[in-house]
$ cat data-v3.cif   # mmCIF, C-alpha atoms
data_work
#
loop_
_atom_site.label_atom_id
_atom_site.label_comp_id
_atom_site.auth_asym_id
_atom_site.auth_seq_id
_atom_site.Cartn_x
_atom_site.Cartn_y
_atom_site.Cartn_z
CA ASN A 21 -93.83 89.58 99.90
CA THR A 22 -94.10 86.20 101.58
CA ALA A 23 -91.80 83.50 102.93
CA ILE A 24 -91.80 79.74 102.73
CA LYS A 25 -90.33 77.98 105.77
CA SER A 26 -89.48 74.34 105.20
CA SER A 27 -88.18 71.52 107.35
CA SER A 28 -85.03 69.72 106.27
CA ASP A 29 -87.25 67.12 104.57
CA GLY A 30 -88.36 69.68 101.95
CA GLY A 31 -91.62 69.15 100.12
CA GLU A 32 -94.15 70.87 97.90
CA TYR A 33 -95.61 74.30 98.60
CA VAL A 34 -98.01 76.63 96.78
CA VAL A 35 -97.79 80.41 96.52
CA THR A 36 -100.89 82.19 95.21
CA TYR A 37 -100.75 85.50 93.38
CA SER A 38 -102.90 88.01 91.55
CA ILE A 39 -102.02 90.51 88.81
CA GLU A 40 -103.34 94.04 88.62
CA ASN A 41 -103.80 95.34 85.09
CA PRO A 42 -102.85 92.08 83.36
CA VAL A 43 -101.19 92.21 79.95
CA GLU A 44 -102.75 89.96 77.34
CA GLY A 45 -100.53 87.00 76.52
CA ALA A 46 -97.96 87.82 79.20
CA THR A 47 -96.81 85.24 81.75
CA ILE A 48 -94.76 85.43 84.90
CA GLU A 49 -91.13 84.34 84.96
CA LEU A 50 -89.46 83.05 88.10
CA LYS A 51 -85.78 83.49 88.88
CA CYS A 52 -83.91 81.65 91.63
CA SER A 53 -80.21 80.83 91.88
CA ALA A 54 -80.68 77.82 94.20
CA ASP A 55 -80.54 74.42 92.50
CA TRP A 56 -82.52 72.86 95.36
CA VAL A 57 -85.67 74.79 94.43
CA HIS A 58 -87.93 73.84 91.49
CA PHE A 59 -91.20 75.28 90.18
CA THR A 60 -94.48 73.96 88.83
CA GLN A 61 -97.82 75.56 88.01
CA PRO A 62 -100.55 73.51 89.69
CA ALA A 63 -103.34 75.93 88.70
CA ALA A 64 -103.98 79.44 87.44
CA ASN A 65 -102.60 82.15 89.73
CA GLU A 66 -100.58 79.58 91.65
CA ILE A 67 -96.84 78.88 91.83
CA GLY A 68 -95.83 75.39 92.87
CA VAL A 69 -92.54 75.32 94.78
CA VAL A 70 -90.73 72.00 95.20
CA ILE A 71 -87.90 72.02 97.76
CA ASP A 72 -85.30 69.25 97.85
CA ALA A 73 -84.32 67.64 101.14
CA ASN A 74 -81.44 69.32 102.94
CA THR A 75 -78.84 66.74 103.97
CA SER A 76 -76.49 69.35 105.45
CA PRO A 77 -76.71 70.40 109.10
CA GLU A 78 -76.54 74.02 107.95
CA PRO A 79 -79.82 75.84 107.24
CA ARG A 80 -80.13 77.55 103.87
CA THR A 81 -82.09 80.43 102.37
CA THR A 82 -82.75 81.81 98.92
CA THR A 83 -84.94 84.42 97.25
CA VAL A 84 -87.26 83.98 94.28
CA SER A 85 -87.87 87.05 92.10
CA VAL A 86 -90.84 87.43 89.77
CA ASP A 87 -90.80 89.15 86.37
CA TYR A 88 -93.95 89.96 84.46
CA ALA A 89 -94.27 91.22 80.91
CA THR A 90 -91.57 93.87 80.52
CA ASN A 91 -91.30 94.52 84.24
CA THR A 92 -88.54 92.88 86.24
CA ASN A 93 -88.61 91.99 89.92
CA VAL A 94 -92.24 93.02 90.37
CA ALA A 95 -92.42 90.74 93.42
CA GLU A 96 -90.27 88.35 95.39
CA PHE A 97 -90.51 85.79 98.15
CA SER A 98 -87.95 84.03 100.29
CA ILE A 99 -87.42 80.36 101.06
CA GLU A 100 -85.92 79.28 104.38
CA GLN A 101 -85.03 75.65 105.06
CA GLU A 102 -83.85 74.08 108.28
CA GLY A 103 -80.62 72.09 108.47
CA TYR A 104 -80.70 68.33 108.83
CA VAL A 105 -80.64 67.00 112.38
CA ALA A 106 -79.71 63.34 112.59
CA PRO A 107 -82.05 61.29 114.79
CA ALA A 108 -80.66 60.20 118.13
CA PRO A 109 -79.13 56.73 117.82
CA PHE A 110 -81.20 55.49 120.76
CA THR A 111 -84.47 56.29 122.46
CA ILE A 112 -85.18 54.68 125.81
CA GLU A 113 -88.83 54.16 126.68
CA ILE A 114 -89.88 53.18 130.18
CA GLU A 115 -93.15 51.31 129.67
CA GLU A 116 -93.86 50.26 133.24
CA ILE A 117 -92.29 50.48 136.69
CA LEU A 118 -93.47 48.17 139.47
CA ALA A 119 -92.11 47.65 142.97
CA THR A 120 -89.48 45.08 141.94
CA SER A 121 -89.50 45.14 138.14
CA CYS A 122 -89.83 47.36 135.09
CA ILE A 123 -90.29 47.08 131.35
CA THR A 124 -88.08 49.08 128.99
CA ASN A 125 -87.96 49.43 125.24
CA ILE A 126 -84.87 50.52 123.35
CA LYS A 127 -85.48 52.09 119.92
CA ALA A 128 -82.36 51.98 117.74
CA SER A 129 -82.24 54.28 114.70
CA ASP A 130 -79.62 52.06 113.00
CA PRO A 131 -80.89 48.45 112.95
CA ASN A 132 -77.46 47.13 111.94
CA MET A 133 -75.37 48.69 114.71
CA TRP A 134 -74.30 46.59 117.66
CA TYR A 135 -74.88 48.22 121.02
CA VAL A 136 -74.20 47.42 124.65
CA MET A 137 -77.25 47.51 126.93
CA TYR A 138 -76.92 47.02 130.65
CA MET A 139 -78.90 47.66 133.81
CA VAL A 140 -76.87 48.64 136.88
CA ASP A 141 -79.11 47.78 139.82
CA ASP A 142 -77.58 50.36 142.16
CA VAL A 143 -76.01 53.71 141.25
CA GLN A 144 -73.58 53.17 144.13
CA TYR A 145 -71.62 50.97 141.70
CA PHE A 146 -70.41 54.07 139.86
CA TYR A 147 -69.16 55.63 143.09
CA ASP A 148 -67.49 52.44 144.28
CA TYR A 149 -65.52 52.10 141.03
CA ALA A 150 -64.92 55.84 140.50
CA ILE A 151 -66.80 55.92 137.19
CA SER A 152 -67.74 59.50 136.38
CA THR A 153 -67.39 59.77 132.58
CA ALA A 154 -68.65 57.88 129.54
CA GLU A 155 -65.09 56.87 128.70
CA GLU A 156 -64.54 55.37 132.15
CA LEU A 157 -67.79 53.44 131.87
CA PHE A 158 -66.80 52.15 128.42
CA ASP A 159 -63.34 51.07 129.64
CA ASP A 160 -64.83 49.36 132.70
CA ASP A 161 -67.34 47.44 130.59
CA LYS A 162 -64.79 46.36 128.01
CA ALA A 163 -62.27 45.22 130.62
CA THR A 164 -64.97 43.03 132.18
CA PHE A 165 -66.09 41.57 128.84
CA MET A 166 -62.51 40.83 127.76
CA LYS A 167 -61.67 39.16 131.07
CA ASN A 168 -64.77 36.97 130.97
CA ALA A 169 -64.28 36.05 127.31
CA GLU A 170 -60.67 35.05 127.98
CA PHE A 171 -61.74 33.00 131.01
CA ASP A 172 -64.31 31.13 128.88
CA GLY A 173 -61.85 30.72 125.99
CA MET A 174 -64.15 32.59 123.60
CA ASN A 175 -63.81 35.27 120.98
CA LEU A 176 -64.82 38.63 122.49
CA GLY A 177 -67.60 39.33 120.00
CA ASP A 178 -68.95 35.78 120.26
CA TYR A 179 -68.91 35.99 124.05
CA MET A 180 -70.82 39.29 124.14
CA GLU A 181 -73.38 37.99 121.66
CA THR A 182 -73.80 34.60 123.35
CA TYR A 183 -74.31 36.10 126.79
CA GLN A 184 -76.57 38.86 125.49
CA SER A 185 -74.38 41.82 126.33
CA ILE A 186 -74.88 43.29 122.83
CA PHE A 187 -77.93 43.73 120.68
CA LYS A 188 -79.13 45.02 117.32
CA GLY A 189 -82.39 46.76 116.49
CA ASP A 190 -85.21 47.52 118.91
CA LYS A 191 -85.18 45.60 122.19
CA ARG A 192 -87.96 45.29 124.75
CA VAL A 193 -86.93 43.83 128.12
CA GLN A 194 -88.62 43.10 131.43
CA TRP A 195 -86.13 43.60 134.26
CA SER A 196 -86.66 41.87 137.59
CA ASN A 197 -85.01 41.79 141.03
CA MET A 198 -85.20 45.56 141.40
CA ARG A 199 -85.58 47.09 144.84
CA PRO A 200 -88.09 49.76 145.84
CA GLY A 201 -86.56 53.15 146.57
CA LEU A 202 -83.20 52.18 145.05
CA LYS A 203 -82.00 53.94 141.91
CA SER A 204 -81.00 51.71 138.99
CA VAL A 205 -79.47 52.88 135.71
CA LEU A 206 -80.24 51.48 132.27
CA TYR A 207 -77.66 52.55 129.70
CA VAL A 208 -76.86 51.85 126.05
CA TYR A 209 -74.14 52.87 123.61
CA GLY A 210 -73.21 51.82 120.09
CA ILE A 211 -70.02 49.94 119.29
CA GLU A 212 -68.10 48.75 116.25
CA PHE A 213 -65.97 45.59 116.24
CA ASN A 214 -62.66 45.19 114.48
CA GLU A 215 -62.45 42.61 111.70
CA ASP A 216 -61.90 39.53 113.88
CA ARG A 217 -64.15 40.79 116.71
CA THR A 218 -61.38 40.70 119.30
CA ASP A 219 -61.81 44.39 120.12
CA TYR A 220 -64.26 47.21 119.56
CA THR A 221 -64.61 50.99 119.72
CA MET A 222 -67.40 53.24 120.94
CA LEU A 223 -69.59 54.75 118.20
CA THR A 224 -72.12 56.84 120.12
CA ASP A 225 -72.61 58.72 123.33
CA VAL A 226 -73.98 56.84 126.32
CA TYR A 227 -77.77 57.11 126.62
CA TYR A 228 -79.31 56.28 129.96
CA GLU A 229 -82.36 56.44 132.20
CA ILE A 230 -82.46 56.38 135.98
CA ILE A 231 -85.21 54.08 137.24
CA GLU A 232 -86.39 54.16 140.84
CA PRO A 233 -89.28 51.90 141.86
CA LYS A 234 -91.45 53.61 144.45
CA THR A 235 -91.61 52.40 148.00
CA ALA A 236 -94.97 51.53 149.50
CA ASP A 237 -96.86 54.29 151.28
CA ILE A 238 -96.36 54.26 155.01
CA VAL A 239 -99.61 53.83 156.93
CA ASP A 240 -100.59 53.37 160.56
#

$ encode --input "data-v3.cif" --output "structure tokens"
Amino acid sequence: NTAIKSSSDGGEYVVTYSIENPVEGATIELKCSADWVHFTQPAANEIGVVIDANTSPEPRTTTVSVDYATNTNVAEFSIEQEGYVAPAPFTIEIEEILATSCITNIKASDPNMWYVMYMVDDVQYFYDYAISTAEELFDDDKATFMKNAEFDGMNLGDYMETYQSIFKGDKRVQWSNMRPGLKSVLYVYGIEFNEDRTDYTMLTDVYYEIIEPKTADIVD
């Protein structure tokens, strides 16, 4: 008995076998009820197993039974495949932190999704405006964008794009005017506009990193 353990991507695997007291002219026969498993014979005494990708979040298992000559189920092996885990919509990389600046790189898994990216230069902002949830942060951001767009007489989507409040794809930024010893927060979240770009909804969770430039060492 053996077991094949596959990632959700699937792939090709090989199971080797040997036969005691072989019967002339007889071949093995493989039985499996799963339609996501296929077989090949890459070489003598080898079983090629091709596993399709699993697009479901649920893991799946099946058993392959082996018949030989007039004997049924002389051997079997199991196949276990992991469920699909969607990649995180954003990965935040902190490339460098200096006393008053830092370099960040946002990796977006969906290159076509708009997202808000913002650096709050002092976490005290969240306390001052009683922002303690992702929804409150989203509402606070949108209220500010809408107010500014109306003041400038611009469409909301055009305003956010013109003043670089929203982005698509990967984005590398060097932030300046940071203060040593003070915690800043870089956050991103995906959004989707309505048809005329006068409003939008949140598509993803808020992803963030706390960045705190170090203060200089104190010396005599």

$ closest_residue --input "data-v3.cif" --among "A:Val43, A:Met198, A:Ala54, A:Ile114" --to "Ile99 in chain A" --atoms "all atoms listed in the file"
A:Ala54

$ resolve_selection --input "data-v3.cif" --expression "the PyMOL selection byres ((chain A and resi 202-218) around 9)" --output "JSON, numbers by chain"
{"A": [109, 110, 112, 124, 126, 133, 134, 135, 136, 137, 138, 139, 140, 141, 142, 143, 144, 158, 166, 175, 176, 177, 178, 186, 198, 199, 200, 201, 219, 220, 221, 222, 223, 224, 225, 226, 227, 228, 229, 230, 231, 232, 233, 234, 235]}

$ residues_around --input "data-v3.cif" --residues "Val35 in chain A" --least-positions-apart "6" --cutoff "9 Å" --atoms "all atoms listed in the file" --output "short mmCIF file (atom, residue, chain, number, x, y, z; two decimals) with C-alpha atoms, in the frame of the given file"
data_model
loop_
_atom_site.label_atom_id
_atom_site.label_comp_id
_atom_site.auth_asym_id
_atom_site.auth_seq_id
_atom_site.Cartn_x
_atom_site.Cartn_y
_atom_site.Cartn_z
CA THR A 22 -94.10 86.20 101.58
CA ILE A 24 -91.80 79.74 102.73
CA ASN A 65 -102.60 82.15 89.73
CA GLU A 66 -100.58 79.58 91.65
CA ILE A 67 -96.84 78.88 91.83
CA GLY A 68 -95.83 75.39 92.87
CA VAL A 69 -92.54 75.32 94.78
#

$ closest_residue --input "data-v3.cif" --among "A:Gly31, A:Pro79, A:Gly45, A:Pro131" --to "Phe59 in chain A" --atoms "only C-alpha atoms"
A:Gly31

$ atom_distance --input "data-v3.cif" --atom1 "CA of Tyr183 in chain A" --atom2 "CA of Ala169 in chain A"
10.0 Å

$ decode --input "data-v3.cif" --residues "range 82-98 of chain A" --atoms "N, CA, C and O atoms" --output "mmCIF file, in the first residue's frame"
data_model
loop_
_atom_site.group_PDB
_atom_site.id
_atom_site.type_symbol
_atom_site.label_atom_id
_atom_site.label_comp_id
_atom_site.auth_asym_id
_atom_site.auth_seq_id
_atom_site.Cartn_x
_atom_site.Cartn_y
_atom_site.Cartn_z
ATOM 1 N N THR A 82 -9.293 9.691 -2.998
ATOM 2 C CA THR A 82 -9.844 8.557 -3.733
ATOM 3 C C THR A 82 -8.893 7.378 -3.567
ATOM 4 O O THR A 82 -7.772 7.539 -3.077
ATOM 5 N N THR A 83 -9.349 6.213 -3.949
ATOM 6 C CA THR A 83 -8.541 5.000 -3.851
ATOM 7 C C THR A 83 -8.468 4.336 -5.216
ATOM 8 O O THR A 83 -9.467 4.261 -5.938
ATOM 9 N N VAL A 84 -7.290 3.865 -5.562
ATOM 10 C CA VAL A 84 -7.068 3.138 -6.812
ATOM 11 C C VAL A 84 -6.841 1.665 -6.458
ATOM 12 O O VAL A 84 -5.981 1.339 -5.632
ATOM 13 N N SER A 85 -7.631 0.790 -7.050
ATOM 14 C CA SER A 85 -7.463 -0.654 -6.828
ATOM 15 C C SER A 85 -6.823 -1.278 -8.067
ATOM 16 O O SER A 85 -7.017 -0.809 -9.192
ATOM 17 N N VAL A 86 -6.064 -2.341 -7.833
ATOM 18 C CA VAL A 86 -5.302 -2.993 -8.895
ATOM 19 C C VAL A 86 -5.762 -4.440 -9.037
ATOM 20 O O VAL A 86 -5.784 -5.195 -8.060
ATOM 21 N N ASP A 87 -6.165 -4.797 -10.257
ATOM 22 C CA ASP A 87 -6.476 -6.193 -10.588
ATOM 23 C C ASP A 87 -5.351 -6.758 -11.444
ATOM 24 O O ASP A 87 -4.719 -6.040 -12.225
ATOM 25 N N TYR A 88 -5.120 -8.067 -11.280
ATOM 26 C CA TYR A 88 -4.084 -8.701 -12.092
ATOM 27 C C TYR A 88 -4.516 -10.121 -12.441
ATOM 28 O O TYR A 88 -4.896 -10.904 -11.548
ATOM 29 N N ALA A 89 -4.461 -10.399 -13.729
ATOM 30 C CA ALA A 89 -4.894 -11.714 -14.227
ATOM 31 C C ALA A 89 -6.324 -11.958 -13.763
ATOM 32 O O ALA A 89 -7.204 -11.139 -14.008
ATOM 33 N N THR A 90 -6.564 -13.037 -13.070
ATOM 34 C CA THR A 90 -7.922 -13.343 -12.585
ATOM 35 C C THR A 90 -8.133 -12.888 -11.149
ATOM 36 O O THR A 90 -9.187 -13.145 -10.562
ATOM 37 N N ASN A 91 -7.162 -12.200 -10.596
ATOM 38 C CA ASN A 91 -7.254 -11.773 -9.204
ATOM 39 C C ASN A 91 -7.669 -10.305 -9.131
ATOM 40 O O ASN A 91 -7.121 -9.455 -9.833
ATOM 41 N N THR A 92 -8.651 -10.026 -8.317
ATOM 42 C CA THR A 92 -9.145 -8.662 -8.172
ATOM 43 C C THR A 92 -8.625 -8.050 -6.873
ATOM 44 O O THR A 92 -8.432 -8.726 -5.863
ATOM 45 N N ASN A 93 -8.413 -6.743 -6.935
ATOM 46 C CA ASN A 93 -7.972 -5.970 -5.776
ATOM 47 C C ASN A 93 -6.749 -6.592 -5.091
ATOM 48 O O ASN A 93 -6.718 -6.769 -3.870
ATOM 49 N N VAL A 94 -5.742 -6.913 -5.911
ATOM 50 C CA VAL A 94 -4.521 -7.496 -5.344
ATOM 51 C C VAL A 94 -3.688 -6.430 -4.628
ATOM 52 O O VAL A 94 -2.825 -6.765 -3.816
ATOM 53 N N ALA A 95 -3.930 -5.176 -4.943
ATOM 54 C CA ALA A 95 -3.233 -4.068 -4.275
ATOM 55 C C ALA A 95 -4.057 -2.806 -4.457
ATOM 56 O O ALA A 95 -4.979 -2.755 -5.293
ATOM 57 N N GLU A 96 -3.776 -1.825 -3.664
ATOM 58 C CA GLU A 96 -4.456 -0.531 -3.799
ATOM 59 C C GLU A 96 -3.573 0.569 -3.238
ATOM 60 O O GLU A 96 -2.659 0.320 -2.446
ATOM 61 N N PHE A 97 -3.843 1.783 -3.707
ATOM 62 C CA PHE A 97 -3.158 2.946 -3.144
ATOM 63 C C PHE A 97 -4.120 4.120 -3.153
ATOM 64 O O PHE A 97 -5.069 4.174 -3.951
ATOM 65 N N SER A 98 -3.904 5.034 -2.246
ATOM 66 C CA SER A 98 -4.799 6.178 -2.099
ATOM 67 C C SER A 98 -4.178 7.437 -2.700
ATOM 68 O O SER A 98 -2.958 7.542 -2.847
#
